[in-house]
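Below is one structure, written out as structure tokens; comments come after it.
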Amino acid sequence: MSVPAIVSAQETRAGAIADEQARKAKELAPREPPFAEKLVLAAHKLMVLQPAGVYPYFDSVYSGGGFTLGAGYRHFTGDRTHVNVAGLYSLPGYKLIDAGVASRGLLSGRLDLRASAGWRDATQVAYYGLGIESPADAGAAFRMQQAYGGGDVTLRAKRWLLLTAGAGYEDYTIKDPTGDFISVESTFSPEAAPGVGANPKYLHTTISAAIDSRPAADYARHGSLFQVTRHHYADQDDTYTFSRLDAEVVQHIPILRENWVISLRGRMESTLGDDDQVPYFLLPSLGSGSTLRAYSSWRFRDRHAVLTSGELRFIINRLALDTAVFVDAGMVAPRLDAITTSAFVTDYGLGLRFHGPARTPLRVEIANGREGTRLVFTASAAF
Amino acid sequence: MLISGAAPRFLSDDPLAREPDTQDASGVAEWEIDLRIDLATNLFSNPGDSARDVRAKNVNTIDEVPDSSWFTNRILARPIALDGLSRGPLTSEGPAPGAWTVVSPKLAGFSPGFTMLDARGARWFVSFDAAGHPEAATGAIAVANKIFWALGYWQVENHLVNVNATELVVGDTAVFTPESGRKRRMEARDLDAVLQRAHRSADGTYRAIAARAVDGRPIGGFRYYGTRSDDPNDIVPHEHRRELRALKVFGAWTNLVDMKAGNTLDAVVTTGGRGVVRHYLQDVGSTFGTGANGPREYDEGWELLYDGSLLWKRFWSLGLFIAPWQTVNYNELPAIGRFEGDRFDPLTWQPRVSTAALRHARSDDTFWAARRVAAFTDDMIRAVVRTGRYSDPAAEALLADVLIKRRQKIAAAYLPAINPVVDVSLANDGRLSFNNAAVDAGVAAPPAGGYRVEWAVFDNTTGDARAIAPAATSPQTTVAAPGLLPDTPGAFVRVRVAAAEPAAAAWRIPADVYFKRSSNGWLLVGLEKGTP
């Protein structure tokens, strides 16, 4: 043994080792973790491991509301059932308070139940008018306050087959926006802003079926999603009752063992009844970091919306980093048969995605379209 | 060799056969090495000794690893019969039949499992194949367990068993921690949830690995760098332990990609009346081509989880940089997964996350390890693979064939990389014999110019060597001494052996071999090789 040979005049190698061990025996100490290690462990316990108690909360109040800060409190009442209270606040003054109860993984992981009630205040939601040709400089906005309460149930009939049904009460109050925006009411006629001035109260029911073979919804390099959702908004005085059908198809095509991935998406939101009155703030829309990425949130609204997106993703690191080039194209229209690809609004761009095995905590993209270039910062996958 | 000028070079008990543990380590406390910290430390920093090209510090004077609480010389050091190899570390027939009492769910790793007491009260850790992946995880554990035992590591006793759910009972004291984090008594439905994730055989049973609880008091895993500050016997930094450096070679051979500290286990055992920490390479199931939940990712064994240079290459080339793993053809059988030997390159093989010990491995460490890999005969490999009890003969044949191919590539890569002179002995009549490990493994031709041999009398106190005769060259690996050698007990001779011109530069670096005269003849006490 080489180490003791340097430090000992022992006549045997074993004796030299014994000397060294005896010396160490006088200096024994438990391991003291470095400060950075303690810090990381404490943060992990607070933000990941801690199933109950107070936790930091980051989410969107409403599209266009900007970065939020928030906190929540979770308390388990059973193995998988917890009650939760959470609040969010963003710089433009968007607010959300939500309280709910959720029970996941019942029936051997096949059934999820969820109920929640809350109140949302979106202080300056943009409105540009109807149609794909609506001007970008309308500068109008509204403040939407929404009280809600309801629940849903999700059944995993198979690992890849999800059936969801939900019902909830939604009470909308539309006000003038905060800040320098001009109100929708003073800018648009009732024809250009259906339901302007109305504050409807809805019983909102949904039913949805999805075939989902993706490993995870928020990050996947293979698999597909086929999802159809029917919404019915039953207005209490029946003026603004309407139904909408949403359909979404996502396909991830890996190339050369996921060195590249072609990701494709098609999405449609279609108001079902031609005579249904849909308030302008509940119309299908395009524009945001997850639809037409070069356009601001809620940029295009009408009774029908179609969106297509294609990405070529470069898997720079399997566990942490993708880059992508992407193209989005879509349009909104008053009638489904008015949707034509020649009228699609398009954009293209580059993206950088920091991800984990199942989540995309940071997506940074630069997108260019006919109205300029936008930078997207968001905490979810594009699709 | 690290010695002081004043001290004799060789001490009376050299070469040391066993690394002693002289202090009582019963006070060593249990710790938990956090996976994230361990992973980040090894991915993004270089823990341990910052100096490189440091000779392993736990080797003895003949460049071998003594037996210790880390390692036991088995293959190459002594004959291992096929049936002994097939039993490996198993000392019993497995869990006693009868009712098995589940005492807790499995707390570590991804595979479904639980801890149970057998009918005799022995504690076992049971893990299953993941649903849809029969024989994959359990087969890998069963086979790798014997291989790493033969290589010399302390191994847990792993038995392949069939579990009948009707013979399982949940113990009264079993505790379960659900998603809520609030511990409660484990119930039958919790056990059902475990079994739902496991692969169920056609006969309704579940194939599993039952790992017997190790003797002594478990105290957590070990790091591949530094020493444990509360273990008085742990005096050699782990990155300088040859048997840990050697995992660069053993890992490549078996595709042991998951070398995290969490897959190791230290336990305090009582030997000679005092507590000693025994170091287990506990979980060697992350081997060959499957993981706990199915086939390995394509890049496992080829790339670290994070490699900055590869990241930038892919970034700037928009993915046009193509790595070897992206075009490898696998004969992907369900029980074996993605494991191949044709494109395998031991010099470029990578675990998911490297270790300080691997980063410190030198050519003398990898040579030492490669000799042990090369010592596995085809028959031994096929015998050990049979212990995986694969129902598909093609799977058994594939695993053995790939291990044989990879063994040859390891031998070819590492044995010729330094002077391959080994097994040197000096007979009473002055005849020196040695072997050439690379030639014996069939991965190199004998040096065309033969071997150059220099004899000298060696003064163990001063370190001076006096030539006995001019250097001579011989085509043989048996060479007679030039004239009479000293016959006084305690006298030393040094023989310097190297390949003569023309030969590869690495083979021309001499091996200095030291013999000490005893009443029984010449005793090998020293072997030193320079590294290229």
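To be explicit about the labels: the chains of the structure tokens are called A, B, and onward in the order shown, and within each one the residues are counted from 1, while ligands get numbers from 1 in the order they are shown.
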
When the cut-off is 8 Å and we count only C-alpha atoms, which residues of chain B are near chain A, given as a VMD selection string? chain B and resid 1 to 4 7 11 to 14 16 19 to 23 29 37 57 to 61 178 to 182 193 228 to 236 298 305 to 306 311 to 312 314 to 315 318 to 319 326 to 327

For Pro284 of chain A, find every residue with an atom within 9 Å (counting only C-alpha atoms), except residues of its own chain fewer than 4 positions away, and show them as an MDAnalysis selection string. chainID A and resid 244 268:271 280 298 300:305 332

Could you tell me, as a PDB file with C-alpha atoms, in the first residue's frame, which residues of segment 12-258 of chain B DSSP assigns to alpha helix (DSSP H) when given the backbone?
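Result file follows (out_24.pdb):
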ATOM      1  CA  LEU B  35     -29.510  11.351  -6.164  1.00  0.00           C
ATOM      2  CA  ARG B  36     -29.743  14.868  -7.597  1.00  0.00           C
ATOM      3  CA  ILE B  37     -26.686  16.099  -5.737  1.00  0.00           C
ATOM      4  CA  ASP B  38     -24.722  13.006  -6.686  1.00  0.00           C
ATOM      5  CA  LEU B  39     -25.744  13.334 -10.318  1.00  0.00           C
ATOM      6  CA  ALA B  40     -25.048  17.049 -10.575  1.00  0.00           C
ATOM      7  CA  THR B  41     -21.716  16.748  -8.770  1.00  0.00           C
ATOM      8  CA  ASN B  42     -20.464  14.093 -11.134  1.00  0.00           C
ATOM      9  CA  LEU B  43     -21.936  15.614 -14.303  1.00  0.00           C
ATOM     10  CA  PHE B  44     -20.873  19.201 -13.847  1.00  0.00           C
ATOM     11  CA  LEU B  82     -18.556 -23.411 -13.611  1.00  0.00           C
ATOM     12  CA  ASP B  83     -20.943 -24.475 -10.880  1.00  0.00           C
ATOM     13  CA  GLY B  84     -19.253 -22.148  -8.419  1.00  0.00           C
ATOM     14  CA  LEU B  85     -19.543 -19.309 -10.888  1.00  0.00           C
ATOM     15  CA  SER B  86     -23.197 -20.119 -11.448  1.00  0.00           C
ATOM     16  CA  ARG B  87     -23.856 -19.838  -7.731  1.00  0.00           C
ATOM     17  CA  ALA B 136     -35.625  -8.405 -18.710  1.00  0.00           C
ATOM     18  CA  ALA B 137     -34.766  -6.762 -15.397  1.00  0.00           C
ATOM     19  CA  THR B 138     -34.672  -9.967 -13.373  1.00  0.00           C
ATOM     20  CA  GLY B 139     -32.495 -11.751 -15.930  1.00  0.00           C
ATOM     21  CA  ALA B 140     -30.016  -8.888 -16.014  1.00  0.00           C
ATOM     22  CA  ILE B 141     -29.724  -8.819 -12.224  1.00  0.00           C
ATOM     23  CA  ALA B 142     -29.285 -12.589 -11.987  1.00  0.00           C
ATOM     24  CA  VAL B 143     -26.502 -12.678 -14.570  1.00  0.00           C
ATOM     25  CA  ALA B 144     -24.690  -9.467 -13.608  1.00  0.00           C
ATOM     26  CA  ASN B 145     -24.765 -10.485  -9.957  1.00  0.00           C
ATOM     27  CA  LYS B 146     -22.569 -13.516 -10.693  1.00  0.00           C
ATOM     28  CA  ILE B 147     -20.276 -11.641 -13.071  1.00  0.00           C
ATOM     29  CA  PHE B 148     -19.508  -8.902 -10.567  1.00  0.00           C
ATOM     30  CA  TRP B 149     -19.080 -11.451  -7.814  1.00  0.00           C
ATOM     31  CA  ALA B 150     -16.503 -13.301  -9.935  1.00  0.00           C
ATOM     32  CA  LEU B 151     -14.798 -10.001 -10.704  1.00  0.00           C
ATOM     33  CA  ALA B 188     -53.681  -5.372   0.509  1.00  0.00           C
ATOM     34  CA  ARG B 189     -54.678  -2.793  -2.113  1.00  0.00           C
ATOM     35  CA  ASP B 190     -51.207  -1.272  -1.883  1.00  0.00           C
ATOM     36  CA  LEU B 191     -49.679  -4.648  -2.601  1.00  0.00           C
ATOM     37  CA  ASP B 192     -52.111  -5.085  -5.496  1.00  0.00           C
ATOM     38  CA  ALA B 193     -50.911  -1.775  -6.912  1.00  0.00           C
ATOM     39  CA  VAL B 194     -47.309  -3.042  -6.823  1.00  0.00           C
ATOM     40  CA  LEU B 195     -48.251  -6.266  -8.572  1.00  0.00           C
ATOM     41  CA  GLN B 196     -50.214  -4.388 -11.216  1.00  0.00           C
ATOM     42  CA  ARG B 242      -8.150   0.459  -8.403  1.00  0.00           C
ATOM     43  CA  GLU B 243     -11.223  -1.757  -8.113  1.00  0.00           C
ATOM     44  CA  LEU B 244     -13.407   1.338  -8.468  1.00  0.00           C
ATOM     45  CA  ARG B 245     -11.359   2.704 -11.370  1.00  0.00           C
ATOM     46  CA  LEU B 247     -15.401  -0.226 -13.355  1.00  0.00           C
ATOM     47  CA  LYS B 248     -14.483   1.734 -16.466  1.00  0.00           C
ATOM     48  CA  VAL B 249     -13.690  -1.619 -18.033  1.00  0.00           C
ATOM     49  CA  PHE B 250     -16.163  -3.864 -16.211  1.00  0.00           C
ATOM     50  CA  GLY B 251     -18.896  -1.318 -16.821  1.00  0.00           C
ATOM     51  CA  ALA B 252     -18.107  -1.201 -20.514  1.00  0.00           C
ATOM     52  CA  TRP B 253     -18.139  -4.971 -20.753  1.00  0.00           C
ATOM     53  CA  THR B 254     -21.534  -5.365 -19.118  1.00  0.00           C
TER      54      THR B 254
END

Looking only at the backbone, which of the residues in segment 84-211 of chain B does DSSP tag as strand (DSSP E or B), as a ChimeraX atom specification? /B:100-105,113-117,123-128,130,153-154,158-163,168-170,175-176,184-185,198,200,206-211

Would you export the selected residues with C-alpha atoms as a short mmCIF file (atom, residue, chain, number, x, y, z; two decimals), in the first residue's frame, please?
data_model
loop_
_atom_site.label_atom_id
_atom_site.label_comp_id
_atom_site.auth_asym_id
_atom_site.auth_seq_id
_atom_site.Cartn_x
_atom_site.Cartn_y
_atom_site.Cartn_z
CA TRP B 100 -44.16 -14.39 2.78
CA THR B 101 -44.96 -11.36 4.90
CA VAL B 102 -44.66 -8.04 3.11
CA VAL B 103 -43.26 -5.46 5.51
CA SER B 104 -42.85 -2.42 3.26
CA PRO B 105 -43.11 -1.34 -0.37
CA GLY B 113 -41.24 -4.49 -5.57
CA PHE B 114 -41.42 -4.77 -1.81
CA THR B 115 -39.56 -5.92 1.25
CA MET B 116 -40.71 -9.16 2.85
CA LEU B 117 -39.91 -11.69 5.54
CA ARG B 123 -35.58 -10.31 5.20
CA TRP B 124 -35.62 -10.11 1.40
CA PHE B 125 -35.96 -7.26 -1.06
CA VAL B 126 -38.16 -8.40 -3.93
CA SER B 127 -38.20 -6.67 -7.33
CA PHE B 128 -40.16 -7.64 -10.41
CA ALA B 130 -41.97 -4.35 -15.33
CA TYR B 153 -16.96 -7.19 -5.67
CA TRP B 154 -19.09 -7.68 -2.61
CA ASN B 158 -29.89 -12.34 -5.48
CA HIS B 159 -32.21 -15.29 -6.17
CA LEU B 160 -34.57 -15.68 -9.10
CA VAL B 161 -37.94 -16.67 -7.67
CA ASN B 162 -41.52 -17.03 -8.77
CA VAL B 163 -43.93 -15.18 -6.53
CA LEU B 168 -48.22 -12.98 0.19
CA VAL B 169 -49.61 -11.41 3.32
CA VAL B 170 -49.21 -7.82 4.35
CA VAL B 175 -46.00 0.98 6.60
CA PHE B 176 -46.97 2.61 3.34
CA ARG B 184 -50.13 4.66 7.24
CA ARG B 185 -50.46 0.95 7.63
CA ALA B 198 -45.20 -6.14 -12.45
CA ARG B 200 -47.55 -11.49 -14.63
CA TYR B 206 -44.62 -13.20 -10.99
CA ARG B 207 -40.94 -13.72 -11.77
CA ALA B 208 -38.84 -11.72 -9.37
CA ILE B 209 -35.43 -11.21 -7.85
CA ALA B 210 -35.28 -11.79 -4.12
CA ALA B 211 -32.24 -10.06 -2.66
#

So how far away is atom CA of Gly388 of chain B from atom CA of Ala441 of chain B, in Å? 26.8 Å

Set the distance at 12 Å and use only C-alpha atoms: which residues neighbour Leu130 of chain A once local chain neighbours fewer than 3 positions away are removed? I'd like the list as a PyMOL selection string. chain A and resi 127+133-136+138+188-194+278-281+283-286+298-305+331-335

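Contact shell of Ala216 of chain A at 7 Å (only C-alpha atoms; same-chain neighbours under 3 positions omitted): Tyr219, Ala220 and Ala358 of chain A.
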
Polymer residues at most 7 Å from Ser90 of chain A, only C-alpha atoms, same-chain spacing of 5 or more positions, as a ChimeraX atom specification: /A:65-69,95

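We find atom CA of Val250 of chain A and atom CA of Arg267 of chain A to be spaced 8.6 Å apart.
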
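Among B:Ala356, B:Ala370, B:Val421, B:Ile62, the residue with the shortest atom-to-atom distance to Phe10 of chain B, counting only C-alpha atoms, is B:Ile62.
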
Write out as a short mmCIF file (atom, residue, chain, number, x, y, z; two decimals) with C-alpha atoms, in the first residue's frame which residues come within 10 Å of Thr291 of chain A when counting only C-alpha atoms, dropping same-chain ones fewer than 5 positions away.
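To be explicit, this is the file written out as selection_18.cif:
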data_model
loop_
_atom_site.label_atom_id
_atom_site.label_comp_id
_atom_site.auth_asym_id
_atom_site.auth_seq_id
_atom_site.Cartn_x
_atom_site.Cartn_y
_atom_site.Cartn_z
CA ARG A 267 -56.57 22.33 -34.18
CA SER A 285 -59.32 32.82 -31.07
CA LEU A 286 -55.78 32.67 -32.42
CA SER A 296 -50.30 38.73 -29.53
CA SER A 297 -52.78 36.94 -27.36
CA TRP A 298 -56.37 37.03 -28.64
CA VAL A 306 -58.35 26.63 -37.47
CA LEU A 307 -54.68 26.36 -36.60
CA THR A 308 -51.89 24.24 -38.03
CA SER A 309 -48.34 24.10 -36.74
CA ASP A 328 -47.73 28.27 -37.75
CA ALA A 329 -50.65 28.97 -40.02
CA GLY A 330 -54.28 29.54 -39.25
CA ALA A 382 -46.10 24.56 -27.74
CA PHE A 383 -48.11 21.39 -28.29
#

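Minimum atom-to-atom distances from A:Tyr57, A:Trp160, A:Trp119, A:Tyr348 to Ala99 of chain A were compared using only C-alpha atoms, and the lowest value belongs to A:Trp119.
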
What's the separation between atom CA of Glu311 of chain A and atom CA of Asp337 of chain A, in Å to one decimal place? 26.9 Å

Which is closer to Asp180 of chain A than all the others in A:Leu107, A:Ala117, A:Ala147, A:Ala126, using only C-alpha atoms? A:Ala126

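The shortest atom-to-atom distance to Asp392 of chain B, with only C-alpha atoms taken into account, belongs to B:Pro134 out of B:Gly272, B:Gly463, B:Pro134, B:Pro218.
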